[in-house]
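Below: one structure, written as structure tokens.
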Amino acid sequence: METEDNYIEINKHSWNNRTDTHLKSEFYNLEGFLKGASSLNPIELEILGDIKGKSILHLQCHFGQDSISLGRLGAKVTGVDLSDKAIESAKRIALETDLDAQFICCDLYDLENHLDKQFDIVFTSYGTITWLPDLEKWAALISHFLKPEGKFIFVEFHPVVWMFDDNFDKIGYNYFNVAPIVETENGTYADKDATISQSYVTWNHSMSEVVRSLLNHQMEVVDFQEYDYSPYDVFNNMIEFETKKYRIKHLDNKIPMIYSIVATKKKNRNKFSEAIL
């Protein structure tokens, strides 16, 4: 219980500890990014569509590459992350790229105390909700920060992926959110040979938990997709079968790797229309 109570402090340290390694890694390719390369993948780019002139709140943005990439497409972006070291880096990279993105460092559940506006789009992607214990609170803040009829765009690793052990040989974890998962890793997904070590606390979330939480907070799911590949080589035993498309070698296309959700915030009905209905 003590570890779960301190999960914010533990995970903040965990991400602070990763940041320098990530900045130097080939995975994040900061040199190429500073020269104009986008960090966004075809999956989210297709879902996002034309975002020129749109205001976007980017949740759990790490050191801001996706936030800045969204800004390069013409959006006005605010990025949020728990790691102060990552946010400091995000602000520095934004200056280096001459991009007017805003960045906030705070616990996601405390965002209302740091930000007072609504957005056309709320966006978050790839390995984000696993760091959150309560998806009802997550969905509530998404709804809070969206304008009426605003759009939530979400791309995430499929919950089936998180059931397996590290080598995808057997089921090692519960599909449902039954308890915090407390672990320690050596290295990091961006550089598995890095000489760093960090503890962290995560939670598994089923698909029904994700969808139900959104439906409970004025959100209407308008699109849902599943993908049999990952755009990132972040797990053990992966092979690249097409450019930037990876699967677990011995599982091929037998399991979903990624899913995406698009949801819109329902427009508030006035008392007169409710009375008619």
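Every chain in the structure tokens takes a letter, A first, then B, and so on in the order presented; its residues are numbered from 1, and the ligands are numbered from 1 following the presented order.
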
Residues of region 100-156 of chain A in strand (DSSP E), written as a JSON list (two decimals) with C-alpha atoms, in the first residue's frame:
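Output file result.json is given in full below:
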```json
[["chain", "number", "residue", "atom", "x", "y", "z"],
["A", 102, "GLN", "CA", 3.34, 25.60, -23.92],
["A", 103, "PHE", "CA", 4.39, 22.99, -21.37],
["A", 104, "ILE", "CA", 3.10, 22.27, -17.86],
["A", 105, "CYS", "CA", 4.72, 20.01, -15.27],
["A", 119, "PHE", "CA", -9.39, 22.71, -26.28],
["A", 120, "ASP", "CA", -10.57, 21.54, -29.68],
["A", 121, "ILE", "CA", -8.64, 18.29, -29.27],
["A", 122, "VAL", "CA", -7.21, 16.28, -26.38],
["A", 123, "PHE", "CA", -4.50, 13.88, -27.55],
["A", 124, "THR", "CA", -2.49, 11.14, -25.83],
["A", 125, "SER", "CA", -0.60, 8.15, -27.19],
["A", 146, "LEU", "CA", -12.60, 19.57, -24.16],
["A", 147, "LYS", "CA", -14.86, 22.14, -25.75],
["A", 148, "PRO", "CA", -18.40, 20.90, -26.45],
["A", 149, "GLU", "CA", -18.17, 18.69, -29.55],
["A", 150, "GLY", "CA", -14.39, 18.65, -29.13],
["A", 151, "LYS", "CA", -12.48, 15.52, -30.07],
["A", 152, "PHE", "CA", -10.43, 13.09, -27.97],
["A", 153, "ILE", "CA", -7.82, 11.19, -29.98],
["A", 154, "PHE", "CA", -6.16, 8.23, -28.29],
["A", 155, "VAL", "CA", -3.63, 5.70, -29.61],
["A", 156, "GLU", "CA", -2.35, 3.11, -27.14]]
```

task = Taking the DSSP assignment computed from this structure's backbone, write out as a list in words all residues of region 125-241 of chain A that belong to helix (DSSP H, G or I).
result = Ile129, Thr130, Trp131, Leu135, Glu136, Lys137, Trp138, Ala139, Ala140, Leu141, Ile142, Ser143, His144, Phe145, Val161, Trp162, Met163, Met207, Ser208, Glu209, Val210, Val211, Arg212, Ser213, Leu214 and Leu215 of chain A

request  = Determine, counting only C-alpha atoms, which protein, DNA and RNA residues have an atom within 12 Å of an atom of His114 (chain A); residues of the same chain fewer than 2 positions away are not included. Present the result as a list in words.
outcome  = Thr78, Gly79, Val80, Asp81, Phe103, Ile104, Cys105, Cys106, Asp107, Leu108, Tyr109, Asp110, Leu111, Glu112, Asp116, Lys117 and Phe145 of chain A

inquiry  = Under the rule that only C-alpha atoms are counted, which of A:Cys61, A:Ile51, A:Leu45, A:Leu30 is the nearest residue to Ala75 (chain A)?
reply    = A:Ile51

request  = Using only C-alpha atoms, determine which residues lie at most 12 Å from Lys170 (chain A), disregarding the query and same-chain residues fewer than 6 positions distant; provide the list as a VMD selection string.
outcome  = chain A and resid 160 to 164 250 to 251

remark   = One decimal place gives the CA of Leu115 (chain A)-CA of Lys54 (chain A) separation as 17.4 Å

query = Which residue out of A:Lys192, A:Arg18, A:His205, A:His13 has the minimum interatomic distance to His158 (chain A) when only C-alpha atoms are used?
reply = A:His205

message = Which residue is closest to Leu23 (chain A)? Choose from A:Gly64, A:Pro159, A:Gly127, A:Gly74 and count only C-alpha atoms.
response = A:Gly64

query = Neighbours of His22 (chain A) within 12 Å (only C-alpha atoms; same-chain residues fewer than 6 positions away dropped), as a PyMOL selection string?
reply = chain A and resi 15-16+28-30+62-65+85-86+89+187-192+194+196

Using all heavy atoms, can you write the selected residues to a file as a short mmCIF file (atom, residue, chain, number, x, y, z; two decimals), in the first residue's frame?
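selection_35.cif, freshly written:
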```
data_model
loop_
_atom_site.label_atom_id
_atom_site.label_comp_id
_atom_site.auth_asym_id
_atom_site.auth_seq_id
_atom_site.Cartn_x
_atom_site.Cartn_y
_atom_site.Cartn_z
N TRP A 15 10.81 8.56 -14.51
CA TRP A 15 10.89 9.27 -15.80
C TRP A 15 12.00 10.30 -15.81
O TRP A 15 12.63 10.53 -16.86
CB TRP A 15 9.53 9.87 -16.14
CG TRP A 15 8.61 8.83 -16.66
CD1 TRP A 15 7.61 8.19 -15.98
CD2 TRP A 15 8.65 8.25 -17.96
NE1 TRP A 15 7.02 7.25 -16.80
CE2 TRP A 15 7.63 7.27 -18.02
CE3 TRP A 15 9.44 8.45 -19.09
CZ2 TRP A 15 7.39 6.51 -19.15
CZ3 TRP A 15 9.20 7.70 -20.23
CH2 TRP A 15 8.19 6.73 -20.25
N ASN A 16 12.26 10.93 -14.71
CA ASN A 16 13.42 11.83 -14.64
C ASN A 16 14.71 11.06 -14.92
O ASN A 16 15.62 11.55 -15.60
CB ASN A 16 13.50 12.50 -13.27
CG ASN A 16 12.58 13.71 -13.13
OD1 ASN A 16 12.07 14.21 -14.13
ND2 ASN A 16 12.37 14.16 -11.91
N TYR A 28 14.70 8.15 -30.18
CA TYR A 28 14.06 9.46 -30.26
C TYR A 28 14.69 10.37 -31.32
O TYR A 28 14.09 11.40 -31.67
CB TYR A 28 14.07 10.14 -28.89
CG TYR A 28 12.99 9.60 -27.97
CD1 TYR A 28 13.30 8.67 -26.98
CD2 TYR A 28 11.66 9.99 -28.11
CE1 TYR A 28 12.30 8.16 -26.14
CE2 TYR A 28 10.67 9.49 -27.27
CZ TYR A 28 11.00 8.58 -26.29
OH TYR A 28 10.01 8.08 -25.47
N ASN A 29 15.88 10.03 -31.79
CA ASN A 29 16.50 10.73 -32.93
C ASN A 29 16.37 12.25 -32.81
O ASN A 29 15.85 12.93 -33.71
CB ASN A 29 15.86 10.26 -34.24
CG ASN A 29 16.53 10.84 -35.47
OD1 ASN A 29 17.70 11.22 -35.43
ND2 ASN A 29 15.79 10.94 -36.56
N LEU A 30 16.82 12.79 -31.70
CA LEU A 30 16.68 14.22 -31.46
C LEU A 30 17.38 15.05 -32.53
O LEU A 30 16.88 16.11 -32.94
CB LEU A 30 17.22 14.58 -30.07
CG LEU A 30 17.08 16.04 -29.65
CD1 LEU A 30 15.62 16.50 -29.71
CD2 LEU A 30 17.64 16.25 -28.25
N HIS A 62 5.95 13.57 -22.31
CA HIS A 62 7.39 13.32 -22.15
C HIS A 62 8.15 14.62 -22.47
O HIS A 62 7.79 15.66 -21.93
CB HIS A 62 7.82 12.15 -23.02
CG HIS A 62 9.13 11.53 -22.62
ND1 HIS A 62 9.67 11.69 -21.37
CD2 HIS A 62 10.02 10.76 -23.31
CE1 HIS A 62 10.83 11.05 -21.29
NE2 HIS A 62 11.06 10.47 -22.46
N PHE A 63 9.18 14.59 -23.32
CA PHE A 63 9.91 15.84 -23.56
C PHE A 63 9.47 16.54 -24.84
O PHE A 63 10.21 17.29 -25.45
CB PHE A 63 11.43 15.65 -23.52
CG PHE A 63 12.00 14.60 -24.43
CD1 PHE A 63 12.27 14.88 -25.75
CD2 PHE A 63 12.29 13.35 -23.95
CE1 PHE A 63 12.82 13.93 -26.59
CE2 PHE A 63 12.85 12.38 -24.77
CZ PHE A 63 13.12 12.67 -26.10
N GLY A 64 8.23 16.30 -25.23
CA GLY A 64 7.53 17.21 -26.13
C GLY A 64 7.71 17.02 -27.62
O GLY A 64 7.24 17.85 -28.39
N GLN A 65 8.32 15.93 -28.06
CA GLN A 65 8.50 15.78 -29.51
C GLN A 65 7.16 15.71 -30.25
O GLN A 65 6.99 16.37 -31.28
CB GLN A 65 9.34 14.54 -29.81
CG GLN A 65 10.83 14.75 -29.57
CD GLN A 65 11.65 13.58 -30.07
OE1 GLN A 65 11.27 12.42 -29.91
NE2 GLN A 65 12.79 13.86 -30.66
N LYS A 85 12.10 17.12 -15.32
CA LYS A 85 13.27 17.07 -16.19
C LYS A 85 12.85 17.00 -17.66
O LYS A 85 13.45 17.64 -18.53
CB LYS A 85 14.14 15.87 -15.83
CG LYS A 85 15.54 15.94 -16.35
CD LYS A 85 16.44 14.93 -15.65
CE LYS A 85 17.89 15.10 -16.07
NZ LYS A 85 18.79 14.17 -15.34
N ALA A 86 11.81 16.21 -17.95
CA ALA A 86 11.31 16.11 -19.32
C ALA A 86 10.70 17.43 -19.78
O ALA A 86 10.91 17.85 -20.93
CB ALA A 86 10.28 14.99 -19.41
N SER A 89 13.28 19.92 -20.67
CA SER A 89 13.82 19.59 -21.99
C SER A 89 12.85 19.99 -23.09
O SER A 89 13.26 20.49 -24.15
CB SER A 89 14.12 18.09 -22.07
OG SER A 89 15.08 17.71 -21.11
N GLY A 187 18.09 -0.47 -17.82
CA GLY A 187 17.95 0.09 -19.15
C GLY A 187 16.60 0.73 -19.32
O GLY A 187 15.88 1.00 -18.35
N THR A 188 16.18 0.95 -20.56
CA THR A 188 14.89 1.57 -20.86
C THR A 188 14.50 1.17 -22.28
O THR A 188 15.36 0.77 -23.08
CB THR A 188 14.97 3.10 -20.73
OG1 THR A 188 13.74 3.69 -21.19
CG2 THR A 188 16.12 3.69 -21.53
N TYR A 189 13.23 1.27 -22.60
CA TYR A 189 12.76 0.82 -23.92
C TYR A 189 13.50 1.51 -25.06
O TYR A 189 13.64 0.96 -26.15
CB TYR A 189 11.25 1.03 -24.05
CG TYR A 189 10.80 2.47 -23.95
CD1 TYR A 189 10.81 3.32 -25.06
CD2 TYR A 189 10.36 3.00 -22.74
CE1 TYR A 189 10.40 4.64 -24.96
CE2 TYR A 189 9.96 4.31 -22.63
CZ TYR A 189 9.98 5.13 -23.74
OH TYR A 189 9.59 6.45 -23.64
N ALA A 190 13.97 2.74 -24.84
CA ALA A 190 14.66 3.49 -25.89
C ALA A 190 16.13 3.08 -26.03
O ALA A 190 16.75 3.34 -27.06
CB ALA A 190 14.57 4.99 -25.64
N ASP A 191 16.67 2.46 -25.01
CA ASP A 191 18.06 1.97 -25.02
C ASP A 191 18.16 0.88 -23.96
O ASP A 191 18.41 1.16 -22.79
CB ASP A 191 19.04 3.11 -24.73
CG ASP A 191 20.50 2.66 -24.81
OD1 ASP A 191 20.74 1.45 -24.98
OD2 ASP A 191 21.38 3.53 -24.70
N LYS A 192 17.94 -0.34 -24.39
CA LYS A 192 17.87 -1.46 -23.45
C LYS A 192 19.22 -1.76 -22.78
O LYS A 192 19.27 -2.42 -21.75
CB LYS A 192 17.34 -2.70 -24.16
CG LYS A 192 15.89 -2.53 -24.61
CD LYS A 192 15.40 -3.70 -25.43
CE LYS A 192 13.97 -3.44 -25.93
NZ LYS A 192 13.47 -4.50 -26.81
N ALA A 194 21.29 0.70 -21.77
CA ALA A 194 21.69 1.88 -20.98
C ALA A 194 21.99 1.48 -19.53
O ALA A 194 21.31 0.61 -18.96
CB ALA A 194 20.59 2.93 -21.01
N ILE A 196 21.26 2.42 -16.63
CA ILE A 196 20.36 3.07 -15.68
C ILE A 196 19.41 2.02 -15.14
O ILE A 196 19.18 0.98 -15.76
CB ILE A 196 19.55 4.23 -16.30
CG1 ILE A 196 18.70 3.73 -17.49
CG2 ILE A 196 20.48 5.36 -16.72
CD1 ILE A 196 17.76 4.77 -18.04
#
```
